[in-house]
Each structure stands twice: as C-alpha cells, then as structure tokens.
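These notes concern the structure reproduced below.
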Amino acid sequence: MNKMQNTGEFEAFRNAHRKKTGTILIVDDEDSYRKMISRILEQSGFQTLEAATTQEAMGFFKSCVIDVCLLDINMPGQSGDKFLKAVKHSYPDVAFIMSTGLGDVDMAARCQDLGAEDYLLKPFEGARLLIILNNVLERRRLAQDNKFYRTQMERKLKEQEEKLRHSHNLLVQQEKLAAIGQLAAGVAHEINNPLGFISSNLNTLQRYTGRISDFINRVLASDFLSPEQRLELQTLQTSMKIPAMLEDLPELVAETLDGTERINKIVQSLKSFSRMDDDRSQPVQVNDCLERAITVVWNEIKYVATVDKDLQDLPTIQGYPQQLSQAFMNLLVNAAHAITADGIIQVATAVVDENIQVVIKDNGCGIAAEHLPKIFDPFFTTKEAGKGTGLGMSITNDIIFKHGGTIDVHSVLQQGTTFTLSLPLTPRNSEHV
C-alpha cells in the first residue's frame, strides 16, 4: 500500500477519485421532499440533481456523471426497484440508496440484492442521511482503490509472466546454440585432422612433381641413350601427354593447397567461434572478429551478395572476441536475408571520436518505419517461419551494450539498411567489460 501511495500514478488516481463530496441524483415524485433533501445535501457541500420521474432520471444518467442516486421505491409508472434493475448493469459505478416508507422494508432489503448500497426509512433525519451517504461514498471509494490496485497488480503480473516466458524461451534458445557450438567444435576437430594429412601430402606431392619433371628432362638429355632410344622416349612422352601433365601438375597442386588453406581458415573460424568466452575480458582486435564472422556466414552471403570491405588499422580494445564475432555474424546474416540477388554488403571500420566505429550496410529490402523501434525486442522478427528466431538482434544489442557501446540503425524501404556500431576504446564504467 505504501509503495503504491508513493507513486505518481496512484496520487493522480487519488486526486481524481477521492473527493469529499460528489454529485447526488435525487429521484422522488414528491417535490417538497426533493427540495428538502437537496437543501440538506448542498449545505454539506454536495452537488445535487433532481428528477420527478424515472424517465427524467435516465436523462441525467446519460448526460451527467453521478456518484450516488437516492431513489424512492414507490415511483409512479416504473417503480424504483425496476428502475434499479434496469440501469445498474449499465452504470455499475453509481451507488444506489433506496428510500421507502415503513411498509416497504422488505422491498428495500430486496433492492440491496439487486445492487443497492443501503436504504433509508421515511421519515428520516438529515444527520442520518449524511451518515449513510458518507458511508456509501467511502465504500465506493475503497472499492475503486481496490479495483485500481487489482488492475495494477494484474498488469504487473502479466508483465512478469511475459518476462519469465521470454527468459525461458531465451534459455531454451541458448541451450540450442550451445549444443550447435559443441557440434561445430566437434566437426571442426574431425575435419582438422584429415585436413592436416591432405595438406602435408599435397606439399610433398608438389616437391615430388618437381623432382620427377627434372628427372625426365635429364634422362631425355642424357648421353646414355642412343638417338633411336631418345626418339622413342620422346614419342612415347608426347603420346602420353607427359609434358602437358608436368606443366599442369604444379598449378593443380597449388590450387588444391589453396583450397585446403581455405578449409583450414573456415575450420579455425568455427573453432574460434564455438569456443566459450572467458569470464574475463581480453585484448580484442575488432577486424579479426569481423573477418571470422564473414568466414563463418559466407555460405549465407555468397549466393546473394558480394562483400566490400574497408577495414582500417585499429587499436585493440578490451572485450569478449567470441561475443563480438557473434554480434557481427547476426548483422551479416540479417543483411544477407534482406537481399534477394546481386546485392552488396559493405563492411567498414575506423576510429571516430575515441570509439571504434563498425558500419555494416546492405542494399536489401530495408526495414519498415513502424518496425524499427521493435527490432531489438526479444523474439520480434519479420522473417518467414524457419528463417529466424527473433533473438539475433536482441543478443547483438546486449553484446554491444556489455562492451559499453551503442548501435544506431538507419533504414529505407527498398533501398537498404545501415547499422553503425560504436565501441569505446576504453571502458566507460565498471558495468561494462
């Protein structure tokens, strides 16, 4: 209760609803009775309205804000109890006090079952009326307070339930990512071993090829062969296309070695990306994190876009390299998914105002203006089913914030999107890194 009272929200509610007086509608067919009651109430600070019939009373219900209706049971035409039954559902915030003669006590009690707050037996003293009226108003105000508290608590409960649901889904997704990371590390390890054999054997083959070519040339030029034997060997060499093979072999081996080097780079990037970050920050070279991210997601990019890199020389910063690689990877994958074909993804780094600035720009479909405020919300996604979890941008935002940085986004539909990341050269406060 005390916490709620200290909030501006509750104070505004109290100021709006906790009035000492209210508007009282007096419904009675006796003119002198209405006038008397009206005078008593107005002298006590209440505002009053008078109605001689239930039809006239209904007009006030439709046009005015009424706090309490003092309603006579014995009305001509539509009786008070029938009027109460007819209007109570439509105006639940209005309190009804029934007035009746001594012979209608049972009827007054039944009216309470229909929703009346209290009743008065005619004739009654003004003091008795004011006591009942103030009690009724206080009960209504307490009920309004209770309703307000209940609404606020239900809203907060729903917010907490939503946060718990998001946290649960995030944990599930993190478990999946961890499992994928372990799988990637295992695959990388299994590939790395035979790749070492292949690379080593290809280097050996490259040396052997040179020696075999030199040996054949020396044999053909040797004086140990008769002219006929030399001619026969040269003819055989030509028919078997040995010269062409010896000419192609170094290039074939070199291309294969280049392929194994590319595989090795992918494997090392996978191993680095899947490795768990140390709890402590370490020196990070942002360009290396970007290069690893591009290597890991290249299969997502190469069919739809080219990557234009402009990476300036950067100083190292303190941070978490695997997490930064993941943030860059998420942005690059999003850029690739926004492009259908023949696109360009520009990646640039520079030092700007004591910050490392990373710009990732695409010429894809862009982001609608109404979606921009939501893109960092957990589980928000505009991608088709199976193409995203809605966690990538949220995780990216958390990672950059953890490094004390910021993310700015500019997007135009059908023109593309630019993400600008700023990472401080030194941590701004103890909460980061």
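We name chains A, B, ... following the order of the structure tokens; residues begin at 1 in each chain, and ligands are numbered from 1 as shown.
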### Task
Write out as a PyMOL selection string which residues come within 6 Å of segment 49-53 of chain A when counting only C-alpha atoms, dropping same-chain ones fewer than 4 positions away.
chain A and resi 25-29+57
### Task
Skip Ala348 of chain A itself and residues of its chain fewer than 2 positions away, then list as a VMD selection string all residues within 9 Å of it, counting only C-alpha atoms.
chain A and resid 308 to 312 346 350 357 to 361
### Nearest residue to Pro315 of chain A from the set A:Ser90, A:Thr204, A:Gln285, A:Thr340 (distances using only C-alpha atoms)
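Checking each of A:Ser90, A:Thr204, A:Gln285, A:Thr340 against Pro315 of chain A, counting only C-alpha atoms, the winner is A:Gln285.
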### Task
Would you mind listing what lies within 8 Å of Cys111 of chain A as a list in words, with only C-alpha atoms counted and same-chain residues fewer than 6 positions away left out?
Asp81, Leu84 and Met98 of chain A
## Note on the structure
For Ser79 of chain A, the closest of A:Asp67, A:Leu423, A:Ser99, A:Ile212 counting only C-alpha atoms is A:Ser99
### Query
atom CA of Val409 of chain A to atom CA of Arg280 of chain A: how many Å, to one decimal?
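Spanning atom CA of Val409 of chain A to atom CA of Arg280 of chain A is a straight-line distance of 29.4 Å.
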### DSSP helix (DSSP H, G or I) residues within segment 119-348 of chain A, as an NGL selection string
:A and (126-220 or 227-239 or 242-274 or 286-296 or 298-301 or 321-337)
### Message
Just want the 12 Å neighbourhood of Ala86 of chain A, counted on only C-alpha atoms, with same-chain residues fewer than 5 positions away dropped. Output as a list of chain:residue names.
### Response
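Here the answer would be A:Thr54, A:Gln55, A:Met58, A:Gln78, A:Ser79, A:Gly80, A:Asp81, A:Tyr91, A:Pro92, A:Leu114, A:Gly115.
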### Task
Provide the atom CA of Leu252 of chain A to atom CA of Arg230 of chain A distance in Å, to one decimal place.
28.8 Å
